[in-house]
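J.: I'd like to ask some things about the structure below.
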Amino acid sequence: MMTANEVRESFKKFFEGKGHKIVPSAPMVIKDDPTLMFTNAGMNQWKDIILGTKDPGKDVRRVDTQKCLRVSGKHNDLEEVGHDTYHHTMFEMLGNWSFGDYFKEGAIDLAWEYLTEVLKLNPADLYVTVFEGSKEEGLERDNEAAGYWAKHVPADHIINGNKHDNFWEMGETGPCGPCSEIHVDSRTPEEKAQVPGRELVNKDNPQVIEIWNIVFMQYNRKADGSLEPLPMHVIDTGMGFERLVRMLQDKHSNYDTDIFQPIIKEIETISGKKYGFTTPTGENGEGKDEQEKIDIAMRVCADHLRAVAFSIADGQLPSNAKAGYVIRRILRRAVRYAYTFLGQKQAFMYKLVNVLVEQMGAAFPELPAQQELITRVMKEEEDSFLRTLEKGINLLNGDMDELKAHGETQLDGVSAFRLFDTYGFPLDLTELICRENGYTVDAAGFDEEMKKQKERARNAAAVENGDWEVLKEGDQNFVGYDYTEYECHILRYRKVTQKKNSFYELVLDNTPFYGEMGGQVGDKGVLVSENETIQIIDTKRENNQSIHIVKELPKDVNADFMACVDIESREGSAANHTATHLLDYCLKQVLGEHVEQKGSYVDKDTLRFDFSHFQKVTDEELRKVEHMVNEMIRADYPLDEHRDTPIEEAKELGAIALFGEKYGDKVRVVRFGPSAEFCGGIHAKSTGKIGFFKIISESSVAAGIRRIEALTGKACEEAIYSLQDTIVALKGLFNNAKDLEGVIRKYIDEHDALKKDVEKFQAQAVERAKDKLVENAREINGVKVVTAVLPMEPAAAKDLVFKVREALPENMICVVGSVYNDKPMLSVMFSDDMVKDHGLNAGKMIREAAKLIQGGGGGQPHYAQAGGKNKDGLSAAVDKVVELAQL
Ligand code: SER
């Protein structure tokens, strides 16, 4: 029986033998694409080639395995994963690609040969589907594909499929085409004799499953819903790796294959619980429900481990926004299940990383390379969520106490939703805890709240993209590495509406404008024609093109334009970008080769650089780095740029590539002296342009990730001036003392000594005041009443009333009005018996009395303080407290 790793290898080798180039998986986390956060199909990374905006070059046949993540959709809804045995968040998709090379016949023949001759599947078990056509789209049945299939399978193994199953589309818009799916019937001979396999195709039978989807990409779906033919025919195939392995290893569940078993075994060892007493065939009686929950929890953990570890390896840390939030939710879901059903009250998922790396590290080198980072990030994220979980449980306990006090048995939907929203408690966890304590949860109320929130989110995020208005066909030519001004025309534009705000996006035929990418902001500038000047307020990047954002369209969109980049901000961000390269290089020299860039942001005023490092960078190390960077600036290394360099050559140049970054076959290498990186950004012409480099902060962003913020050039100049101004001002305050530090130190010492003296005098004054008040205490019906209005600090007044109580511990009420800095303050103190026996409550009474000084406050039954605005009401307020005491 083939192992999972052997299956993956055999696929790549087979297609390599058929002239395909083996290419690596693109990152699972997608950067710089506003429309998609995660790779959800093998073809994502080839979108530009398929649409014809990028030349495939000589490698028109490729093969790969692609890391994909799906967290929404019918079966991949995150909350469902783990409940069955064959859906996942992260999965691998094996694919072979033909860009304008072989088409339907070639793809069908290759797939058939691989399945029947390499994997030795029995042809009698294979069924194929073909697109039946669609009247509304004006598309015929895919007779061509059916004809080629007929070479391999009998007619009753070819099944028509509708648009839903047999017309593959990337999304609302984009490449699409008819497809053929291959289904395998792996039932027993008896079962097969009873019901023919063809009747179970696409019927959700776990033993008759689709393993391979072969898409014949030949259309592009436009925003208006119409189909236009693609410039070339493309073959896009996707074979679900996990289910293929399940079938080959003759298992009922993906989790029983050697892809997941090592992880599940480790979960068993750590948790002391056993997996799999309730496989679909298992019929054990008592304890079944509980066991099923354990099984689900183990599947959830095994599945989610992969999704989270691979995302972190791709540079995506858990966070509160976008892709980071999805990763956070996935990890939290696993933690919850482990907490609830596997008894894991401490961080635990991070302990599984080892096994995952052993299992998948050879095929995906990004895992072993970043094992330490993945482990640390996971552990910290788990720890922090477990703290939140504890808080949530306390809150829920409080809610249940309330229910008990009111004799109710159902937790309301709003409370359940608050637990979900703030503490990450999904409904089932809340229900579980409630059930254990004899309560139910208003699930409908919860759903209602959830609906409301989704509605709010939708309204907040609603962005409406208009259709592109195409003025000229053609592709954009980016000239920004060489020019900051260029003649151009508008190719197409569209209106975008976001809430009440609207703007236009323009695509130009030639543009020097850099679109935001790789942490560097987009250019700003102007678009000038003979008759008008339009501000370009920002430039984004989409599908490898610069999208220019303008508030207003030019009056004549067909005019000849000059696109002019704002030089000052361009040069500022270029210098800061170059400085990040130098910083990256120097950090590696000073701290070690483990330093990996994990994010950056540069604009004309900001330089932020995140990197992996497992402790605080010391002040000496920071200084060393600064010195080295400034040396490199003074060396004035020129920009040495290698465009369109084949990736192997780039690696030979010693250029650093980033994990999780998508690179084409050809890359741009940017070198400054010894620093060399893969980079598409805009840089200074030489390092000297940076001027000067100064780190202003070093901090932690996440476990194992540090952040450096720095200033360059003019910003450093300003920072030095402001520092100098502060020092000059300080010297001025101290008579231009030469030894400023010594003088200030002396001043602080004197200040501390004086403060102590004042405190001593104050204590004496309080003592005297106390004596006087006690001496003058009145008596009303046997209760000693101490009242006064005095000038005094609030803290001293507090001290005073406590001292009075010490002197008169029984049968006493004390009300002091004090004024400090013109502000009135009321302090009330009762002896304990007045609270216990007479039911007095200082906290409540002071609220009433404080109205007379236009103030408010509160406290405990025996002591309370209230501040106010009107000192003239102080005497009356003091009397009011005495009156409220009703002695
Ligand atoms: N694009 C197709 C899919 O995702 C085949 O790779 O199923």
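We label chains A, B, ... in the order they appear in the structure tokens, count residues from 1 in each chain, and number ligands from 1 in the order shown.
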Write out as a short mmCIF file (atom, residue, chain, number, x, y, z; two decimals) with N, CA, C and O atoms, in the first residue's frame all residues of region 273-400 of chain A that backbone DSSP assigns to alpha helix (DSSP H).

T.:
```cif
data_model
loop_
_atom_site.label_atom_id
_atom_site.label_comp_id
_atom_site.auth_asym_id
_atom_site.auth_seq_id
_atom_site.Cartn_x
_atom_site.Cartn_y
_atom_site.Cartn_z
N LYS A 288 -21.46 6.05 23.88
CA LYS A 288 -21.24 6.33 22.46
C LYS A 288 -21.20 7.85 22.20
O LYS A 288 -20.33 8.34 21.49
N ASP A 289 -22.15 8.56 22.80
CA ASP A 289 -22.21 10.01 22.57
C ASP A 289 -20.93 10.67 23.01
O ASP A 289 -20.38 11.53 22.33
N GLU A 290 -20.49 10.26 24.18
CA GLU A 290 -19.28 10.88 24.73
C GLU A 290 -18.08 10.58 23.84
O GLU A 290 -17.27 11.45 23.54
N GLN A 291 -18.02 9.31 23.40
CA GLN A 291 -16.90 8.90 22.54
C GLN A 291 -16.94 9.67 21.22
O GLN A 291 -15.92 10.08 20.69
N GLU A 292 -18.14 9.88 20.73
CA GLU A 292 -18.25 10.59 19.46
C GLU A 292 -17.69 12.00 19.60
O GLU A 292 -17.04 12.51 18.70
N LYS A 293 -17.94 12.60 20.74
CA LYS A 293 -17.43 13.96 20.95
C LYS A 293 -15.91 13.95 21.01
O LYS A 293 -15.25 14.85 20.51
N ILE A 294 -15.35 12.92 21.63
CA ILE A 294 -13.89 12.81 21.68
C ILE A 294 -13.34 12.68 20.27
O ILE A 294 -12.38 13.33 19.89
N ASP A 295 -14.00 11.84 19.48
CA ASP A 295 -13.55 11.64 18.10
C ASP A 295 -13.60 12.95 17.31
O ASP A 295 -12.68 13.30 16.60
N ILE A 296 -14.74 13.65 17.47
CA ILE A 296 -14.87 14.93 16.74
C ILE A 296 -13.76 15.87 17.17
O ILE A 296 -13.09 16.49 16.35
N ALA A 297 -13.56 15.95 18.48
CA ALA A 297 -12.54 16.87 18.99
C ALA A 297 -11.16 16.52 18.43
O ALA A 297 -10.40 17.40 18.03
N MET A 298 -10.86 15.24 18.35
CA MET A 298 -9.54 14.85 17.83
C MET A 298 -9.42 15.21 16.35
O MET A 298 -8.38 15.64 15.89
N ARG A 299 -10.51 15.01 15.61
CA ARG A 299 -10.46 15.37 14.18
C ARG A 299 -10.30 16.88 14.01
O ARG A 299 -9.54 17.34 13.18
N VAL A 300 -11.03 17.62 14.85
CA VAL A 300 -10.93 19.08 14.78
C VAL A 300 -9.48 19.50 15.01
O VAL A 300 -8.90 20.29 14.26
N CYS A 301 -8.87 18.95 16.07
CA CYS A 301 -7.50 19.35 16.40
C CYS A 301 -6.54 18.96 15.28
O CYS A 301 -5.68 19.74 14.89
N ALA A 302 -6.69 17.73 14.76
CA ALA A 302 -5.76 17.27 13.73
C ALA A 302 -5.90 18.11 12.47
O ALA A 302 -4.92 18.49 11.84
N ASP A 303 -7.13 18.43 12.13
CA ASP A 303 -7.35 19.25 10.93
C ASP A 303 -6.82 20.66 11.14
O ASP A 303 -6.08 21.20 10.32
N HIS A 304 -7.21 21.27 12.25
CA HIS A 304 -6.89 22.68 12.45
C HIS A 304 -5.38 22.91 12.65
O HIS A 304 -4.87 23.96 12.31
N LEU A 305 -4.73 21.90 13.23
CA LEU A 305 -3.27 22.01 13.40
C LEU A 305 -2.62 22.36 12.06
O LEU A 305 -1.77 23.24 11.97
N ARG A 306 -3.03 21.63 11.02
CA ARG A 306 -2.41 21.83 9.72
C ARG A 306 -2.70 23.24 9.20
O ARG A 306 -1.81 23.95 8.74
N ALA A 307 -3.97 23.66 9.29
CA ALA A 307 -4.34 24.97 8.76
C ALA A 307 -3.54 26.07 9.45
O ALA A 307 -3.02 26.98 8.80
N VAL A 308 -3.44 25.96 10.76
CA VAL A 308 -2.78 27.04 11.51
C VAL A 308 -1.27 27.02 11.27
O VAL A 308 -0.65 28.05 11.00
N ALA A 309 -0.68 25.82 11.33
CA ALA A 309 0.78 25.74 11.17
C ALA A 309 1.20 26.23 9.79
O ALA A 309 2.16 27.00 9.66
N PHE A 310 0.47 25.81 8.76
CA PHE A 310 0.85 26.24 7.41
C PHE A 310 0.63 27.74 7.21
O PHE A 310 1.39 28.39 6.51
N SER A 311 -0.39 28.29 7.85
CA SER A 311 -0.60 29.74 7.71
C SER A 311 0.52 30.51 8.36
O SER A 311 1.02 31.49 7.81
N ILE A 312 0.92 30.06 9.54
CA ILE A 312 2.02 30.78 10.22
C ILE A 312 3.29 30.65 9.37
O ILE A 312 4.03 31.62 9.20
N ALA A 313 3.51 29.46 8.81
CA ALA A 313 4.69 29.28 7.96
C ALA A 313 4.63 30.21 6.75
O ALA A 313 5.66 30.65 6.24
N LYS A 322 -9.00 40.25 9.11
CA LYS A 322 -8.90 39.52 7.86
C LYS A 322 -8.32 38.11 8.03
O LYS A 322 -8.76 37.35 8.87
N ALA A 323 -7.31 37.77 7.20
CA ALA A 323 -6.78 36.40 7.22
C ALA A 323 -6.31 36.02 8.62
O ALA A 323 -6.51 34.89 9.06
N GLY A 324 -5.71 36.96 9.32
CA GLY A 324 -5.22 36.69 10.68
C GLY A 324 -6.35 36.28 11.60
O GLY A 324 -6.19 35.44 12.49
N TYR A 325 -7.52 36.86 11.37
CA TYR A 325 -8.66 36.55 12.23
C TYR A 325 -9.21 35.16 11.92
O TYR A 325 -9.63 34.43 12.82
N VAL A 326 -9.16 34.80 10.65
CA VAL A 326 -9.61 33.46 10.28
C VAL A 326 -8.73 32.42 10.98
O VAL A 326 -9.21 31.45 11.57
N ILE A 327 -7.42 32.66 10.95
CA ILE A 327 -6.48 31.73 11.58
C ILE A 327 -6.73 31.68 13.09
O ILE A 327 -6.73 30.62 13.71
N ARG A 328 -6.96 32.85 13.67
CA ARG A 328 -7.24 32.89 15.11
C ARG A 328 -8.48 32.07 15.43
O ARG A 328 -8.51 31.30 16.37
N ARG A 329 -9.53 32.24 14.61
CA ARG A 329 -10.77 31.49 14.86
C ARG A 329 -10.55 29.99 14.76
O ARG A 329 -11.09 29.21 15.53
N ILE A 330 -9.74 29.60 13.78
CA ILE A 330 -9.51 28.16 13.59
C ILE A 330 -8.78 27.60 14.81
O ILE A 330 -9.17 26.59 15.38
N LEU A 331 -7.72 28.29 15.23
CA LEU A 331 -6.97 27.77 16.38
C LEU A 331 -7.86 27.76 17.63
O LEU A 331 -7.86 26.80 18.40
N ARG A 332 -8.63 28.81 17.81
CA ARG A 332 -9.49 28.87 19.01
C ARG A 332 -10.53 27.75 19.01
O ARG A 332 -10.88 27.23 20.06
N ARG A 333 -10.98 27.43 17.82
CA ARG A 333 -11.97 26.35 17.76
C ARG A 333 -11.33 25.06 18.24
O ARG A 333 -11.93 24.30 19.03
N ALA A 334 -10.11 24.81 17.80
CA ALA A 334 -9.41 23.59 18.23
C ALA A 334 -9.20 23.62 19.75
O ALA A 334 -9.43 22.62 20.44
N VAL A 335 -8.79 24.76 20.27
CA VAL A 335 -8.53 24.87 21.71
C VAL A 335 -9.81 24.57 22.51
O VAL A 335 -9.80 23.85 23.50
N ARG A 336 -10.91 25.12 22.04
CA ARG A 336 -12.19 24.89 22.70
C ARG A 336 -12.55 23.42 22.76
O ARG A 336 -12.98 22.91 23.78
N TYR A 337 -12.41 22.76 21.60
CA TYR A 337 -12.74 21.34 21.56
C TYR A 337 -11.83 20.54 22.48
O TYR A 337 -12.28 19.64 23.18
N ALA A 338 -10.54 20.90 22.45
CA ALA A 338 -9.58 20.18 23.29
C ALA A 338 -9.90 20.44 24.76
O ALA A 338 -9.82 19.54 25.60
N TYR A 339 -10.28 21.66 25.05
CA TYR A 339 -10.59 22.06 26.42
C TYR A 339 -11.83 21.31 26.91
O TYR A 339 -11.86 20.75 27.99
N THR A 340 -12.84 21.29 26.06
CA THR A 340 -14.13 20.75 26.48
C THR A 340 -14.16 19.22 26.46
O THR A 340 -14.67 18.60 27.38
N PHE A 341 -13.60 18.63 25.41
CA PHE A 341 -13.79 17.19 25.24
C PHE A 341 -12.54 16.34 25.46
O PHE A 341 -12.63 15.13 25.60
N VAL A 353 3.03 20.11 16.81
CA VAL A 353 3.76 20.63 15.63
C VAL A 353 4.87 19.67 15.20
O VAL A 353 5.07 19.41 14.01
N ASN A 354 5.57 19.11 16.20
CA ASN A 354 6.63 18.15 15.91
C ASN A 354 6.22 17.07 14.93
O ASN A 354 6.90 16.78 13.96
N VAL A 355 5.09 16.42 15.27
CA VAL A 355 4.63 15.30 14.47
C VAL A 355 4.26 15.76 13.06
O VAL A 355 4.54 15.08 12.07
N LEU A 356 3.64 16.92 12.99
CA LEU A 356 3.25 17.44 11.68
C LEU A 356 4.49 17.67 10.82
O LEU A 356 4.51 17.35 9.63
N VAL A 357 5.52 18.22 11.45
CA VAL A 357 6.74 18.50 10.70
C VAL A 357 7.36 17.20 10.22
O VAL A 357 7.82 17.10 9.08
N GLU A 358 7.33 16.18 11.06
CA GLU A 358 7.86 14.88 10.64
C GLU A 358 7.09 14.35 9.44
O GLU A 358 7.66 13.82 8.50
N GLN A 359 5.78 14.50 9.50
CA GLN A 359 4.91 13.93 8.48
C GLN A 359 5.00 14.69 7.16
O GLN A 359 5.02 14.09 6.10
N MET A 360 5.05 16.03 7.22
CA MET A 360 4.92 16.80 5.99
C MET A 360 6.13 17.65 5.64
O MET A 360 6.16 18.32 4.60
N GLU A 366 8.96 24.70 4.18
CA GLU A 366 8.69 25.87 5.02
C GLU A 366 8.33 25.46 6.45
O GLU A 366 8.48 26.23 7.39
N LEU A 367 7.84 24.23 6.62
CA LEU A 367 7.47 23.78 7.97
C LEU A 367 8.71 23.59 8.87
O LEU A 367 8.80 24.24 9.90
N PRO A 368 9.66 22.69 8.50
CA PRO A 368 10.81 22.54 9.37
C PRO A 368 11.59 23.85 9.53
O PRO A 368 12.10 24.14 10.62
N ALA A 369 11.66 24.63 8.45
CA ALA A 369 12.46 25.86 8.53
C ALA A 369 11.90 26.80 9.59
O ALA A 369 12.63 27.60 10.16
N GLN A 371 9.79 25.82 12.27
CA GLN A 371 9.15 25.05 13.32
C GLN A 371 9.10 25.80 14.66
O GLN A 371 8.07 25.81 15.34
N GLU A 372 10.21 26.43 15.00
CA GLU A 372 10.25 27.09 16.31
C GLU A 372 9.24 28.24 16.37
O GLU A 372 8.51 28.42 17.35
N LEU A 373 9.22 29.01 15.29
CA LEU A 373 8.29 30.14 15.25
C LEU A 373 6.84 29.65 15.35
O LEU A 373 6.04 30.17 16.13
N ILE A 374 6.52 28.63 14.55
CA ILE A 374 5.15 28.11 14.54
C ILE A 374 4.76 27.67 15.96
O ILE A 374 3.69 28.01 16.47
N THR A 375 5.67 26.94 16.60
CA THR A 375 5.38 26.42 17.93
C THR A 375 5.15 27.55 18.93
O THR A 375 4.20 27.54 19.71
N ARG A 376 6.03 28.54 18.88
CA ARG A 376 5.90 29.64 19.85
C ARG A 376 4.63 30.45 19.64
O ARG A 376 3.93 30.81 20.58
N VAL A 377 4.36 30.75 18.37
CA VAL A 377 3.18 31.57 18.09
C VAL A 377 1.92 30.82 18.54
O VAL A 377 1.04 31.38 19.19
N MET A 378 1.88 29.52 18.23
CA MET A 378 0.70 28.74 18.63
C MET A 378 0.54 28.73 20.14
O MET A 378 -0.54 28.93 20.65
N LYS A 379 1.64 28.51 20.83
CA LYS A 379 1.53 28.39 22.28
C LYS A 379 1.03 29.71 22.88
O LYS A 379 0.13 29.73 23.71
N GLU A 380 1.60 30.81 22.42
CA GLU A 380 1.17 32.08 23.00
C GLU A 380 -0.30 32.35 22.71
O GLU A 380 -1.05 32.80 23.56
N GLU A 381 -0.69 32.06 21.48
CA GLU A 381 -2.09 32.28 21.10
C GLU A 381 -3.02 31.40 21.94
O GLU A 381 -4.08 31.82 22.39
N GLU A 382 -2.59 30.17 22.16
CA GLU A 382 -3.41 29.26 22.98
C GLU A 382 -3.51 29.78 24.42
O GLU A 382 -4.59 29.82 25.00
N ASP A 383 -2.34 30.15 24.97
CA ASP A 383 -2.34 30.65 26.36
C ASP A 383 -3.29 31.82 26.51
O ASP A 383 -4.08 31.89 27.45
N SER A 384 -3.21 32.72 25.54
CA SER A 384 -4.01 33.93 25.70
C SER A 384 -5.50 33.59 25.55
O SER A 384 -6.34 34.12 26.27
N PHE A 385 -5.82 32.66 24.66
CA PHE A 385 -7.23 32.30 24.51
C PHE A 385 -7.75 31.54 25.74
O PHE A 385 -8.89 31.73 26.16
N LEU A 386 -6.88 30.72 26.32
CA LEU A 386 -7.33 29.99 27.51
C LEU A 386 -7.64 30.95 28.66
O LEU A 386 -8.56 30.71 29.44
N ARG A 387 -6.89 32.05 28.72
CA ARG A 387 -7.20 33.06 29.75
C ARG A 387 -8.58 33.66 29.48
O ARG A 387 -9.38 33.84 30.39
N THR A 388 -8.84 33.97 28.20
CA THR A 388 -10.15 34.52 27.84
C THR A 388 -11.25 33.52 28.16
O THR A 388 -12.32 33.89 28.66
N LEU A 389 -10.98 32.26 27.87
CA LEU A 389 -11.95 31.21 28.12
C LEU A 389 -12.32 31.17 29.60
O LEU A 389 -13.50 31.08 29.96
N GLU A 390 -11.32 31.28 30.46
CA GLU A 390 -11.57 31.28 31.91
C GLU A 390 -12.49 32.44 32.28
O GLU A 390 -13.42 32.30 33.04
N LYS A 391 -12.16 33.62 31.70
CA LYS A 391 -12.98 34.80 32.01
C LYS A 391 -14.41 34.57 31.58
O LYS A 391 -15.36 34.90 32.29
N GLY A 392 -14.57 33.99 30.38
CA GLY A 392 -15.91 33.72 29.87
C GLY A 392 -16.66 32.76 30.77
O GLY A 392 -17.85 32.93 31.03
N ILE A 393 -15.95 31.77 31.26
CA ILE A 393 -16.61 30.78 32.13
C ILE A 393 -17.05 31.45 33.43
O ILE A 393 -18.16 31.21 33.92
N ASN A 394 -16.22 32.36 33.95
CA ASN A 394 -16.64 33.10 35.14
C ASN A 394 -17.90 33.91 34.87
O ASN A 394 -18.82 33.96 35.69
N LEU A 395 -17.91 34.55 33.71
CA LEU A 395 -19.07 35.36 33.35
C LEU A 395 -20.33 34.49 33.26
O LEU A 395 -21.39 34.83 33.77
N LEU A 396 -20.15 33.34 32.62
CA LEU A 396 -21.28 32.43 32.46
C LEU A 396 -21.76 31.92 33.83
O LEU A 396 -22.96 31.81 34.08
N ASN A 397 -20.81 31.66 34.72
CA ASN A 397 -21.20 31.25 36.08
C ASN A 397 -22.05 32.32 36.73
O ASN A 397 -23.06 32.04 37.38
N GLY A 398 -21.63 33.59 36.52
CA GLY A 398 -22.40 34.72 37.07
C GLY A 398 -23.80 34.74 36.49
O GLY A 398 -24.79 34.91 37.21
N ASP A 399 -23.88 34.54 35.15
CA ASP A 399 -25.20 34.51 34.49
C ASP A 399 -26.07 33.41 35.08
O ASP A 399 -27.27 33.60 35.31
N MET A 400 -25.46 32.25 35.32
CA MET A 400 -26.25 31.13 35.84
C MET A 400 -26.70 31.41 37.29
O MET A 400 -27.81 31.03 37.67
#
```

J.: Kindly compile the residues surrounding ligand 1 within 7 Å, counting only C-alpha atoms and all ligand atoms, and format them as a list in words.

T.: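 Those residues are Ala41, Gly42, Met43, Gly95, Trp168, Met170, Asn213, Ile214, Val215, Asp236, Thr237, Gly238 and Met239 of chain A.
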
J.: As an MDAnalysis selection string, please: every residue in region 621-830 of chain A that DSSP puts in strand (DSSP E or B).

T.: chainID A and resid 638 640:646 656 666:672 675:678 686 693:702 705:712 778:780 783:791 812:820 823:830

J.: Go through A:Leu826, A:Val234, A:Ile158, A:Val201 and flag the residue nearest Asn96 (chain A), using only C-alpha atoms for the distances.

T.: A:Val234

J.: Could you name the residues that touch Leu591 (chain A) at 10 Å or less, counting only C-alpha atoms, but leaving out those on the same chain fewer than 4 positions away, as a ChimeraX atom specification?

T.: /A:586-587,595,613,617,621-622,625

J.: Taking a cut-off of 12 Å and counting only C-alpha atoms, can you build a table that, for each residue of region 73-136 of chain A near region 424-429 of chain A, reports the nearest atom pair and how far apart they are in Å (one decimal), sorted by chain then residue number, as a Markdown table?

T.:
```
| residue | atom | partner | partner_atom | distance |
| --- | --- | --- | --- | --- |
| A:Leu78 | CA | A:Pro426 | CA | 11.7 |
| A:Glu79 | CA | A:Pro426 | CA | 9.0 |
| A:Glu80 | CA | A:Asp428 | CA | 12.0 |
```

J.: Store the residues picked out above in a file with N, CA and C atoms, as a PDB file, in the first residue's frame.

T.:
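That gives us out.pdb:
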```pdb
ATOM      1  N   LEU A  78     -16.589  26.317   8.713  1.00  0.00           N
ATOM      2  CA  LEU A  78     -15.660  25.998   9.793  1.00  0.00           C
ATOM      3  C   LEU A  78     -16.329  25.238  10.933  1.00  0.00           C
ATOM      4  N   GLU A  79     -17.548  25.641  11.260  1.00  0.00           N
ATOM      5  CA  GLU A  79     -18.202  25.008  12.410  1.00  0.00           C
ATOM      6  C   GLU A  79     -18.585  23.545  12.144  1.00  0.00           C
ATOM      7  N   GLU A  80     -18.505  23.116  10.894  1.00  0.00           N
ATOM      8  CA  GLU A  80     -18.871  21.731  10.572  1.00  0.00           C
ATOM      9  C   GLU A  80     -17.665  20.797  10.520  1.00  0.00           C
TER      10      GLU A  80
END
```

J.: Check which residues of region 209-250 of chain A sit at most 10 Å from region 463-467 of chain A using only C-alpha atoms, and return one row each with the closest pair of atoms and their distance in Å to one decimal, ordered by chain and rising number, as a tab-separated table.

T.:
```
residue	atom	partner	partner_atom	distance
A:Lys222	CA	A:Asp467	CA	8.7
A:Ala223	CA	A:Asp467	CA	6.0
A:Asp224	CA	A:Asp467	CA	7.1
```

J.: Could you tell me how far CA of Arg8 (chain A) lies from CA of Ser180 (chain A), in Å and to one decimal?

T.: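 We find that CA of Arg8 (chain A) and CA of Ser180 (chain A) lie 21.7 Å from each other.
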